[in-house]
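Data file: entry-v4.txt. Format and content: compact mmCIF, C-alpha atoms.
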# COMPACT_ATOMS: atom_id res chain seq x y z
CA MET A 15 -16.65 1.70 1.74
CA GLY A 16 -16.95 4.24 -1.04
CA PRO A 17 -14.64 7.18 -1.68
CA GLN A 18 -14.17 9.77 1.03
CA GLN A 19 -13.81 13.43 0.17
CA ASN A 20 -12.88 16.44 2.21
CA ALA A 21 -15.98 18.52 2.78
CA GLY A 22 -14.28 21.63 1.49
CA THR A 23 -13.20 23.20 -1.71
CA PRO A 24 -9.91 23.69 -2.77
CA PRO A 25 -4.14 27.33 27.49
CA THR A 26 -5.69 30.52 26.84
CA SER A 27 -9.34 30.16 27.19
CA GLN A 28 -10.98 33.52 27.32
CA THR A 29 -14.61 34.22 28.05
CA THR A 30 -16.97 31.97 26.14
CA PRO A 31 -20.75 32.06 26.27
CA ALA A 32 -22.54 29.52 28.40
CA PRO A 33 -24.20 26.67 26.53
CA VAL A 34 -27.93 26.52 25.96
CA THR A 35 -29.97 24.47 28.43
CA PRO A 36 -32.18 22.25 26.25
CA THR A 37 -35.88 22.02 27.06
CA GLN A 38 -36.47 18.54 28.44
CA THR A 39 -39.70 16.53 28.47
CA ALA A 40 -40.40 12.88 29.00
CA THR A 41 -40.38 12.20 25.27
CA GLY A 42 -38.15 15.01 24.01
CA GLN A 43 -41.24 16.64 22.45
CA THR A 44 -43.63 19.30 23.72
CA ALA A 45 -45.64 18.45 26.80
CA THR A 46 -48.84 18.36 24.77
CA SER A 47 -51.10 15.39 25.39
CA THR A 48 -51.49 12.92 22.55
CA PRO A 49 -54.24 14.24 20.28
CA ALA A 50 -57.26 12.16 19.45
CA ALA A 51 -57.69 11.05 15.87
CA PRO A 52 -59.33 13.85 13.87
CA ALA A 53 -63.02 13.42 13.16
CA SER A 54 -63.79 12.72 9.53
CA THR A 55 -65.24 15.64 7.62
CA ALA A 56 -68.44 15.44 5.68
CA GLU A 57 -68.07 14.35 2.08
CA GLY A 58 -67.36 17.35 -0.10
CA SER A 59 -66.69 19.60 2.92
CA ASP A 60 -64.23 22.46 2.47
CA ALA A 61 -63.11 22.25 6.12
CA ALA A 62 -59.31 22.07 6.61
CA PRO A 63 -57.93 19.02 8.43
CA ASP A 64 -56.76 19.40 12.02
CA ALA A 65 -53.04 20.16 12.56
CA LEU A 66 -52.44 17.14 14.81
CA GLY A 67 -53.85 18.97 17.78
CA LEU A 68 -51.10 21.64 17.74
CA GLU A 69 -51.77 25.33 17.46
CA ALA A 70 -50.95 26.87 14.11
CA GLY A 71 -47.22 27.62 13.97
CA ALA A 72 -46.48 25.62 17.12
CA ARG A 73 -43.01 24.07 17.43
CA LEU A 74 -41.86 20.87 19.04
CA ALA A 75 -39.39 21.23 21.90
CA SER A 76 -36.63 19.70 19.76
CA GLU A 77 -37.29 22.24 17.00
CA GLN A 78 -37.18 25.13 19.45
CA ASN A 79 -33.92 23.83 20.88
CA THR A 80 -32.32 23.84 17.43
CA ILE A 81 -33.56 27.38 16.82
CA ASP A 82 -32.15 28.51 20.18
CA VAL A 83 -28.74 26.96 19.48
CA VAL A 84 -28.54 28.49 16.00
CA GLN A 85 -29.60 31.97 17.10
CA ARG A 86 -27.15 32.01 19.98
CA PHE A 87 -24.07 30.44 18.44
CA GLU A 88 -24.21 30.89 14.66
CA PRO A 89 -22.57 34.34 15.08
CA GLY A 90 -19.43 32.42 16.11
CA LEU A 91 -19.26 30.78 12.68
CA VAL A 92 -16.70 32.09 10.18
CA TYR A 93 -16.79 31.98 6.37
CA ILE A 94 -13.25 31.47 4.99
CA SER A 95 -12.03 32.35 1.49
CA THR A 96 -8.56 31.44 0.24
CA GLU A 97 -6.35 32.22 -2.73
CA LEU A 98 -3.51 29.92 -3.73
CA GLN A 99 -0.90 30.58 -6.41
CA VAL A 100 -0.53 27.48 -8.59
CA ALA A 101 1.37 26.72 -11.77
CA ALA A 102 -0.62 27.69 -14.85
CA GLN A 103 -1.49 25.12 -17.51
CA ASP A 104 -2.13 25.66 -21.20
CA PRO A 105 -5.27 24.20 -22.88
CA PHE A 106 -3.37 20.96 -23.56
CA GLY A 107 -2.59 20.37 -19.89
CA MET A 108 1.05 21.41 -20.12
CA MET A 109 2.64 23.78 -17.63
CA GLY A 110 2.75 27.24 -19.17
CA GLY A 111 5.49 28.68 -17.01
CA GLY A 112 3.25 31.22 -15.25
CA THR A 113 0.94 31.09 -12.27
CA GLN A 114 -2.77 31.35 -11.74
CA VAL A 115 -4.96 31.87 -8.70
CA GLN A 116 -6.88 28.91 -7.30
CA ARG A 117 -9.73 29.99 -5.03
CA GLY A 118 -11.36 27.96 -2.30
CA VAL A 119 -13.90 28.32 0.48
CA GLY A 120 -14.42 26.70 3.83
CA SER A 121 -15.69 27.31 7.33
CA GLY A 122 -14.33 27.79 10.83
CA PHE A 123 -15.35 29.07 14.25
CA PHE A 124 -14.00 31.33 16.98
CA VAL A 125 -12.49 29.58 20.01
CA ASN A 126 -11.48 32.61 22.10
CA ASP A 127 -11.78 36.39 22.39
CA ALA A 128 -8.40 36.90 20.70
CA GLY A 129 -10.00 36.02 17.37
CA ASP A 130 -8.42 32.57 16.99
CA ILE A 131 -10.34 30.40 14.52
CA LEU A 132 -10.19 26.61 14.28
CA THR A 133 -10.61 25.10 10.82
CA ASN A 134 -9.30 22.22 8.69
CA PHE A 135 -5.74 22.24 7.39
CA HIS A 136 -6.94 21.41 3.88
CA VAL A 137 -9.07 24.58 3.87
CA VAL A 138 -6.00 26.83 4.17
CA ALA A 139 -3.51 24.54 2.38
CA GLY A 140 -5.23 24.23 -0.98
CA GLU A 141 -6.87 21.32 -2.74
CA GLY A 142 -5.75 17.94 -1.45
CA GLY A 143 -3.76 19.45 1.41
CA GLY A 144 -0.78 20.02 -0.85
CA GLY A 145 1.13 23.07 -1.93
CA GLY A 146 2.74 25.67 0.28
CA GLY A 147 -0.50 26.95 1.75
CA ALA A 148 -2.88 29.72 0.73
CA SER A 149 -1.20 32.96 -0.30
CA ARG A 150 -4.16 34.94 1.01
CA ILE A 151 -6.83 34.12 3.59
CA THR A 152 -9.86 36.29 4.32
CA ILE A 153 -12.71 35.68 6.72
CA ARG A 154 -16.19 37.06 7.07
CA VAL A 155 -18.64 36.80 9.95
CA MET A 156 -22.43 36.81 9.98
CA ASN A 157 -24.29 39.94 8.86
CA GLN A 158 -21.04 41.55 7.71
CA ASP A 159 -20.30 42.14 4.03
CA LYS A 160 -16.71 43.24 4.65
CA ALA A 161 -14.04 40.54 4.72
CA VAL A 162 -10.88 40.92 6.80
CA GLU A 163 -7.46 39.35 6.41
CA ALA A 164 -6.43 36.35 8.50
CA ARG A 165 -3.08 34.67 9.09
CA VAL A 166 -2.07 31.15 10.04
CA ILE A 167 -1.03 30.76 13.68
CA GLY A 168 -0.27 27.05 13.43
CA TYR A 169 -1.13 24.08 11.26
CA ALA A 170 -1.15 20.32 11.73
CA PRO A 171 -1.44 18.38 8.44
CA GLN A 172 -1.50 14.97 10.12
CA TYR A 173 -4.56 16.03 12.14
CA ASP A 174 -6.13 18.08 9.30
CA LEU A 175 -6.36 21.04 11.68
CA ALA A 176 -5.24 24.64 11.48
CA LEU A 177 -5.55 27.72 13.68
CA ILE A 178 -5.89 31.10 12.00
CA ARG A 179 -6.40 34.56 13.49
CA ALA A 180 -8.50 37.42 12.16
CA GLU A 181 -6.60 40.71 11.71
CA GLY A 182 -8.32 44.02 12.46
CA LEU A 183 -11.74 42.54 13.17
CA ASP A 184 -14.03 44.54 15.45
CA PRO A 185 -13.75 42.73 18.83
CA SER A 186 -17.52 42.93 19.26
CA LEU A 187 -17.89 40.58 16.27
CA ILE A 188 -15.74 37.85 17.83
CA ARG A 189 -18.19 35.37 19.34
CA PRO A 190 -16.46 32.22 20.65
CA ILE A 191 -18.47 28.99 20.71
CA PRO A 192 -18.01 26.83 23.84
CA LEU A 193 -16.25 23.49 23.44
CA GLY A 194 -18.00 20.33 24.60
CA ASP A 195 -16.79 16.84 25.49
CA SER A 196 -16.70 14.49 22.51
CA ASP A 197 -15.88 11.54 24.78
CA ALA A 198 -19.35 11.86 26.34
CA LEU A 199 -21.24 11.50 23.05
CA LYS A 200 -23.92 8.85 22.62
CA VAL A 201 -25.16 7.38 19.35
CA GLY A 202 -28.56 8.86 18.53
CA GLN A 203 -28.16 12.27 20.11
CA LYS A 204 -28.72 15.43 18.10
CA ALA A 205 -25.98 16.88 15.89
CA ILE A 206 -26.17 20.36 14.34
CA ALA A 207 -23.73 21.12 11.50
CA MET A 208 -22.89 24.72 10.64
CA GLY A 209 -20.90 25.97 7.68
CA ALA A 210 -20.96 27.36 4.17
CA PRO A 211 -21.82 24.45 1.84
CA PHE A 212 -20.95 25.09 -1.82
CA GLY A 213 -19.96 28.63 -0.82
CA LEU A 214 -23.45 29.49 0.40
CA ASP A 215 -23.34 31.84 3.37
CA PHE A 216 -23.94 30.47 6.85
CA SER A 217 -26.07 27.37 6.52
CA VAL A 218 -27.31 24.88 9.13
CA SER A 219 -28.30 21.21 8.94
CA GLU A 220 -29.42 18.78 11.62
CA GLY A 221 -29.11 15.05 12.17
CA ILE A 222 -27.93 12.58 14.76
CA ILE A 223 -24.67 11.03 15.90
CA SER A 224 -24.41 7.79 13.90
CA SER A 225 -21.12 6.58 15.42
CA THR A 226 -18.82 8.00 18.06
CA ALA A 227 -15.66 6.12 17.06
CA ARG A 228 -15.54 5.50 13.32
CA GLN A 229 -11.96 4.71 12.26
CA ILE A 230 -11.11 6.55 9.03
CA PRO A 231 -8.01 8.09 7.40
CA ILE A 232 -7.71 11.76 8.38
CA GLY A 233 -5.08 14.34 7.50
CA PHE A 234 -1.97 14.14 5.39
CA SER A 235 1.13 12.13 6.30
CA ALA A 236 4.55 12.53 4.69
CA GLY A 237 3.47 10.08 2.00
CA GLY A 238 0.26 12.00 1.35
CA GLU A 239 -1.98 9.36 2.91
CA GLY A 240 -4.26 9.97 5.86
CA ILE A 241 -3.55 8.48 9.27
CA THR A 242 -6.29 6.27 10.73
CA GLN A 243 -8.01 8.20 13.51
CA LYS A 244 -11.24 8.13 15.46
CA ALA A 245 -13.97 10.29 13.92
CA ILE A 246 -17.57 11.18 14.72
CA GLN A 247 -20.03 9.97 12.07
CA THR A 248 -23.24 11.94 11.51
CA ASP A 249 -26.11 12.02 9.03
CA ALA A 250 -26.38 15.82 9.31
CA ALA A 251 -25.84 17.10 5.75
CA ILE A 252 -22.19 18.04 5.20
CA ASN A 253 -21.16 19.27 1.77
CA PRO A 254 -18.18 21.00 0.09
CA GLY A 255 -17.61 24.26 1.95
CA ASN A 256 -18.61 22.81 5.33
CA SER A 257 -15.01 21.80 6.04
CA GLY A 258 -13.75 23.32 9.27
CA GLY A 259 -17.22 24.24 10.50
CA PRO A 260 -18.48 23.17 13.93
CA LEU A 261 -20.69 20.21 14.78
CA LEU A 262 -22.75 21.15 17.85
CA ASN A 263 -24.84 19.31 20.43
CA SER A 264 -28.18 20.36 21.90
CA ALA A 265 -26.41 22.58 24.43
CA GLY A 266 -24.70 24.56 21.67
CA GLU A 267 -21.27 23.13 22.45
CA VAL A 268 -18.82 22.19 19.70
CA ILE A 269 -18.41 18.41 19.73
CA GLY A 270 -16.58 18.04 16.41
CA ILE A 271 -15.06 19.79 13.40
CA ASN A 272 -16.63 18.81 10.06
CA THR A 273 -13.92 17.36 7.86
CA GLN A 274 -15.06 14.93 5.13
CA ILE A 275 -17.91 12.94 3.65
CA LEU A 276 -18.50 9.55 2.09
CA SER A 277 -19.60 10.49 -1.41
CA PRO A 278 -20.20 7.76 -4.02
CA ALA A 279 -21.70 10.37 -6.36
CA GLY A 280 -18.60 12.52 -6.04
CA GLN A 281 -16.47 9.82 -7.66
CA ALA A 282 -18.21 10.41 -10.98
CA SER A 283 -18.80 14.16 -10.76
CA GLY A 284 -15.58 15.17 -9.03
CA VAL A 285 -17.62 17.20 -6.53
CA GLY A 286 -18.43 15.67 -3.16
CA GLN A 287 -22.12 15.46 -2.32
CA SER A 288 -23.72 14.49 0.96
CA ALA A 289 -24.93 10.89 1.10
CA GLY A 290 -25.91 11.04 4.75
CA VAL A 291 -22.48 9.87 5.91
CA GLY A 292 -20.35 12.73 7.18
CA PHE A 293 -17.36 12.76 9.51
CA ALA A 294 -16.08 15.21 12.10
CA ILE A 295 -12.83 15.39 14.07
CA PRO A 296 -13.68 14.93 17.78
CA ILE A 297 -13.33 18.25 19.58
CA ASN A 298 -11.29 16.65 22.37
CA ALA A 299 -8.55 15.86 19.83
CA ALA A 300 -8.55 19.50 18.71
CA ARG A 301 -8.62 20.76 22.30
CA ASN A 302 -5.52 18.69 23.14
CA LEU A 303 -3.72 20.17 20.14
CA LEU A 304 -4.86 23.77 20.63
CA PRO A 305 -2.05 24.93 22.98
CA ARG A 306 0.58 23.63 20.54
CA LEU A 307 -1.13 25.36 17.62
CA GLN A 308 -1.25 28.63 19.57
CA ALA A 309 2.49 28.38 20.29
CA ALA A 310 3.51 27.35 16.75
CA LYS A 311 4.33 30.90 15.52
CA GLY A 312 2.91 30.12 12.10
CA GLY A 313 4.70 26.79 11.86
CA GLU A 314 3.78 23.13 11.69
CA VAL A 315 2.67 20.98 14.60
CA SER A 316 3.33 17.27 14.12
CA LEU A 317 2.31 14.18 16.01
CA PRO A 318 4.58 12.95 18.83
CA LYS A 319 7.64 10.88 17.91
CA ILE A 320 9.21 8.11 19.95
CA GLY A 321 12.60 8.36 18.21
CA VAL A 322 12.94 5.38 15.87
CA THR A 323 13.54 4.98 12.16
CA VAL A 324 12.04 2.22 10.03
CA GLY A 325 14.58 -0.45 9.13
CA LEU A 326 12.89 -2.01 6.09
CA VAL A 327 13.23 0.16 3.01
CA ALA A 328 11.98 -0.64 -0.49
CA GLN A 329 13.18 1.26 -3.54
CA GLY A 330 10.39 3.16 -5.27
CA PRO A 331 10.23 5.66 -8.15
CA GLN A 332 11.02 8.52 -5.74
CA GLY A 333 13.70 6.65 -3.77
CA GLY A 334 13.59 4.61 -0.59
CA VAL A 335 10.21 4.02 1.05
CA ALA A 336 9.73 2.70 4.60
CA VAL A 337 7.48 -0.36 4.50
CA GLY A 338 6.15 -3.10 6.78
CA LEU A 339 7.12 -6.75 6.80
CA SER A 340 3.92 -7.85 5.04
CA LEU A 341 5.48 -6.59 1.80
CA LEU A 342 8.48 -8.90 2.15
CA THR A 343 8.16 -12.41 0.69
CA SER A 344 7.44 -15.28 3.07
CA GLN A 345 10.63 -16.99 1.94
CA GLY A 346 12.66 -13.86 2.62
CA LYS A 347 11.21 -13.42 6.11
CA GLN A 348 11.86 -17.06 6.94
CA GLN A 349 15.48 -16.83 5.82
CA LEU A 350 16.02 -13.66 7.86
CA GLY A 351 14.19 -14.89 10.95
CA LEU A 352 11.57 -12.14 10.85
CA PRO A 353 7.87 -12.29 11.83
CA ASP A 354 5.12 -12.22 9.20
CA THR A 355 4.12 -8.61 9.94
CA GLY A 356 5.56 -5.68 11.85
CA LEU A 357 7.70 -2.58 11.64
CA VAL A 358 11.46 -3.19 11.72
CA VAL A 359 13.35 -0.74 13.96
CA GLY A 360 16.32 0.62 12.03
CA GLN A 361 17.86 3.09 14.47
CA VAL A 362 16.97 4.36 17.93
CA GLN A 363 17.91 7.99 18.44
CA PRO A 364 19.71 8.75 21.74
CA GLY A 365 17.81 10.63 24.43
CA THR A 366 14.38 9.83 22.96
CA PRO A 367 11.44 8.01 24.58
CA ALA A 368 12.34 4.86 22.61
CA ALA A 369 15.92 4.94 23.91
CA GLU A 370 14.75 5.48 27.48
CA ALA A 371 12.40 2.50 27.15
CA GLY A 372 15.23 0.24 25.95
CA LEU A 373 14.21 -0.30 22.33
CA LYS A 374 17.07 -1.59 20.19
CA GLY A 375 17.94 -0.74 16.60
CA GLY A 376 19.51 -2.99 14.00
CA THR A 377 23.15 -4.06 14.21
CA ARG A 378 23.65 -4.94 10.56
CA VAL A 379 22.03 -4.28 7.18
CA GLU A 380 21.04 -7.01 4.74
CA ARG A 381 20.60 -5.81 1.18
CA PHE A 382 18.36 -7.55 -1.32
CA ARG A 383 17.02 -6.83 -4.75
CA GLY A 384 14.80 -3.77 -4.43
CA GLY A 385 15.68 -2.75 -0.89
CA ALA A 386 17.42 -3.31 2.42
CA VAL A 387 16.54 -4.40 5.95
CA SER A 388 18.17 -3.79 9.34
CA LEU A 389 18.65 -6.94 11.40
CA GLY A 390 19.55 -7.68 15.00
CA GLY A 391 17.15 -5.18 16.57
CA ASP A 392 13.51 -4.97 17.57
CA VAL A 393 10.44 -5.43 15.40
CA ILE A 394 7.30 -3.59 16.54
CA VAL A 395 4.29 -5.84 15.93
CA ALA A 396 1.61 -3.98 17.93
CA ALA A 397 0.96 -0.66 19.67
CA ASP A 398 -1.58 -0.44 22.48
CA GLY A 399 -2.86 -3.83 21.38
CA GLN A 400 -3.43 -2.85 17.74
CA PRO A 401 -1.42 -4.56 14.96
CA VAL A 402 1.43 -2.55 13.43
CA ASP A 403 2.66 -3.21 9.90
CA ALA A 404 3.21 0.31 8.58
CA LEU A 405 4.48 3.62 9.88
CA GLU A 406 0.90 4.94 9.73
CA ASP A 407 -0.17 2.19 12.17
CA LEU A 408 2.36 3.41 14.74
CA GLN A 409 1.36 7.01 14.10
CA ALA A 410 -2.30 6.13 14.66
CA ALA A 411 -1.41 4.90 18.16
CA LEU A 412 0.49 8.12 18.93
CA ILE A 413 -1.59 10.82 17.30
CA ASN A 414 -3.84 11.74 20.22
CA LYS A 415 -1.27 11.22 22.98
CA LYS A 416 -0.26 14.09 25.27
CA GLU A 417 2.97 14.77 27.14
CA GLY A 418 3.24 12.25 29.97
CA ASP A 419 1.10 9.64 28.20
CA SER A 420 2.57 6.28 27.31
CA VAL A 421 2.21 3.76 24.50
CA THR A 422 2.65 0.03 25.05
CA LEU A 423 4.59 -1.58 22.21
CA THR A 424 4.68 -5.31 21.56
CA VAL A 425 8.10 -6.10 20.08
CA THR A 426 10.03 -9.18 19.01
CA ARG A 427 13.79 -9.58 19.33
CA GLY A 428 15.62 -12.79 18.52
CA GLY A 429 12.33 -14.63 18.14
CA LYS A 430 11.08 -13.67 21.62
CA GLU A 431 8.10 -11.36 22.15
CA ARG A 432 7.78 -8.82 24.97
CA GLU A 433 5.96 -5.61 25.85
CA VAL A 434 7.70 -2.26 26.24
CA LYS A 435 6.11 0.82 27.81
CA VAL A 436 7.26 4.02 26.09
CA THR A 437 6.50 7.27 27.93
CA LEU A 438 6.22 10.46 25.88
CA ASP A 439 8.26 13.31 27.34
CA ALA A 440 8.54 16.91 26.13
CA ALA A 441 11.15 15.91 23.54
CA ALA A 442 8.58 13.73 21.78
CA PHE A 443 6.60 16.84 20.84
CA GLU A 444 9.47 19.01 19.57

What is this file in structure tokens?
Amino acid sequence: MGPQQNAGTPPTSQTTPAPVTPTQTATGQTATSTPAAPASTAEGSDAAPDALGLEAGARLASEQNTIDVVQRFEPGLVYISTELQVAAQDPFGMMGGGTQVQRGVGSGFFVNDAGDILTNFHVVAGEGGGGGGASRITIRVMNQDKAVEARVIGYAPQYDLALIRAEGLDPSLIRPIPLGDSDALKVGQKAIAMGAPFGLDFSVSEGIISSTARQIPIGFSAGGEGITQKAIQTDAAINPGNSGGPLLNSAGEVIGINTQILSPAGQASGVGQSAGVGFAIPINAARNLLPRLQAAKGGEVSLPKIGVTVGLVAQGPQGGVAVGLSLLTSQGKQQLGLPDTGLVVGQVQPGTPAAEAGLKGGTRVERFRGGAVSLGGDVIVAADGQPVDALEDLQAALINKKEGDSVTLTVTRGGKEREVKVTLDAAAFE
């Protein structure tokens, strides 16, 4: 797979409009009978060819549906501009001691009448999802030249999601877009992407759902890497500036949030370009997170935690790094009685879901050249049936869980394998 790039540059549910009812025919087209082949014109005739039996300017039912969706719900789209203070560099690439303003653009959409706007975290955090966040955020809605200030209500780097709120915007301009059900998607159905590609105002593209469960890295973990999550794949054109914009179905419901693209051309140019492979965060994942974002008071929302630390640490340039057993030599694992792959449990914090489930931490530490490992406790080798060999693997199993959900861990202890059901309580989300 080629390089992936973010498609951006650096339970309060108020009234929402009802979705569009798509025009339906047996073929998905207009109910016009199949036209006969046009009669050939006389040689040298100036007569214009027939227009496939359709009246001049006629539209197919699918075209009219797209027009209806756009006209009704594009007013709920938001154009986002950000300013981020970054360290200034001199012409030789050295830090000059001052600061300069880095500007970025992205998209978002209203989710309620309070003016809350869902977008990507990387849109408001700056290029690459790093830094301390944008120092200034402004938003603009359709047919309005004036931009208004917005503030961050909550942000979730690991999900690449953020919730911002418009300040002082005329309430009549707040047009929420209804949320759909991304779990009900089928490959081949229509997908309509809205956003501001390359900073162009309010643009629309159309395609189909290419995959409903593509596994790709999304968001930003503590180590800067994305966590593998389920994404919607579409061939609707998504380009820089589309990040955070909605992906809609034929009913005008948001089914995903445009987040990144596969862009082989972007590797050479440094600017992502649509190659017909775009990805969106499923709206059900965002819907599950929305109440926590609304209650975050401007702070960070993280994925649930079961209450364990990783017991295999390798020394890196920046200090100790938690790693999986696959990075330990076969000879070392054999000597220590450890499996080939897995995540060593270092400590189990009291009162956490892991403690309640009976997981056990290490009882002693064995030091070796370049690191240390906790022994005598559990090793997590799978989560919900998926192999675990890194912290990101465990996080991937937890990221879309809600309070009351459980995760089934396959663990080894003393050479024996067993399954442990860990239930996520309120403490897991604090």

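Taking atom CA of A:Asn157 and atom CA of A:Gln274 as the two end points, the separation is 26.9 Å.
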
Q: Considering all atoms listed in the file, state which residue in the set A:Asp195, A:Asp439, A:Glu97, A:Glu406 is at the smallest distance from A:Ile320.
A: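 Among A:Asp195, A:Asp439, A:Glu97, A:Glu406, it is A:Asp439 that comes nearest to A:Ile320.
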
(Q) Quick one: residues within 10 Å of A:Gly259, all atoms listed in the file, excluding same-chain residues fewer than 5 positions away - as a PyMOL selection string? (A) chain A and resi 21-22+91-94+120-123+132-134+207-211+216+252+268+270-273+294

Q: Would you kindly return, as a PyMOL selection string, each protein, DNA or RNA residue with an atom no farther than 8 Å from any atom of A:Ala180, considering all atoms listed in the file and excluding same-chain residues fewer than 4 positions away?
A: chain A and resi 129-131+153+162-165

(Q) Quick one: residues within 7 Å of A:Gln329, all atoms listed in the file, excluding same-chain residues fewer than 2 positions away - as a list in words? (A)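 Near A:Gln329, the qualifying residues are Val327, Gly333, Gly334, Val335, Gly384 and Gly385 of chain A.
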
Q: Just the residues within 6 Å of A:Ile222, please, counting all atoms listed in the file, with nothing from its chain fewer than 6 positions along; format it as a PyMOL selection string.
A: chain A and resi 202-205+248

Q | Nearest-residue call for A:Gln243, choices A:Ala265, A:Val436, A:Ile295, A:Leu177, using all atoms listed in the file | A | A:Ile295

Q) Interatomic distance between atom CA of A:Gly428 and atom CA of A:Leu352? A)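 Interatomic distance here is 8.7 Å.
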
(Q) Which residues are near stretch 353-356 of chain A? Cut-off 9 Å, all atoms listed in the file, ignore same chain within fewer than 3 positions. Put them as a list in words. (A)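 Contacts, with the query itself left out: Gly338, Leu339, Ser340, Leu341, Leu342, Ser344, Lys347, Gln348, Val393, Ile394, Val395, Ala396, Pro401, Val402, Asp403, Ala404, Val425, Thr426 and Gly429 of chain A.
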
Q: Choose the residue, out of A:Tyr173, A:Asp215, A:Pro364, A:Ile167, that has the smallest atom-to-atom separation from A:Val155; count only C-alpha atoms.
A: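 Of the candidates, the smallest distance to A:Val155 is held by A:Asp215.
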
Q: Measure the distance from atom CA of A:Pro171 to atom CA of A:Val322 in Å and round it to one decimal.
A: 20.8 Å

Q: Could you check which of A:Gly182, A:Gly258, A:Ile230, A:Val218 is closest to A:Phe124, using all atoms listed in the file?
A: A:Gly258

Q: Choose the residue, out of A:Leu183, A:Glu417, A:Asp174, A:Ser219, that has the smallest atom-to-atom separation from A:Ala245; count all atoms listed in the file.
A: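 Closest to A:Ala245, using all atoms listed in the file: A:Asp174.
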
Q. For A:Phe234, which residue among A:Leu175, A:Ala441, A:Leu307, A:Val166 is the nearest when counting all atoms listed in the file?
A.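 Result for the nearest residue to A:Phe234: A:Leu175.
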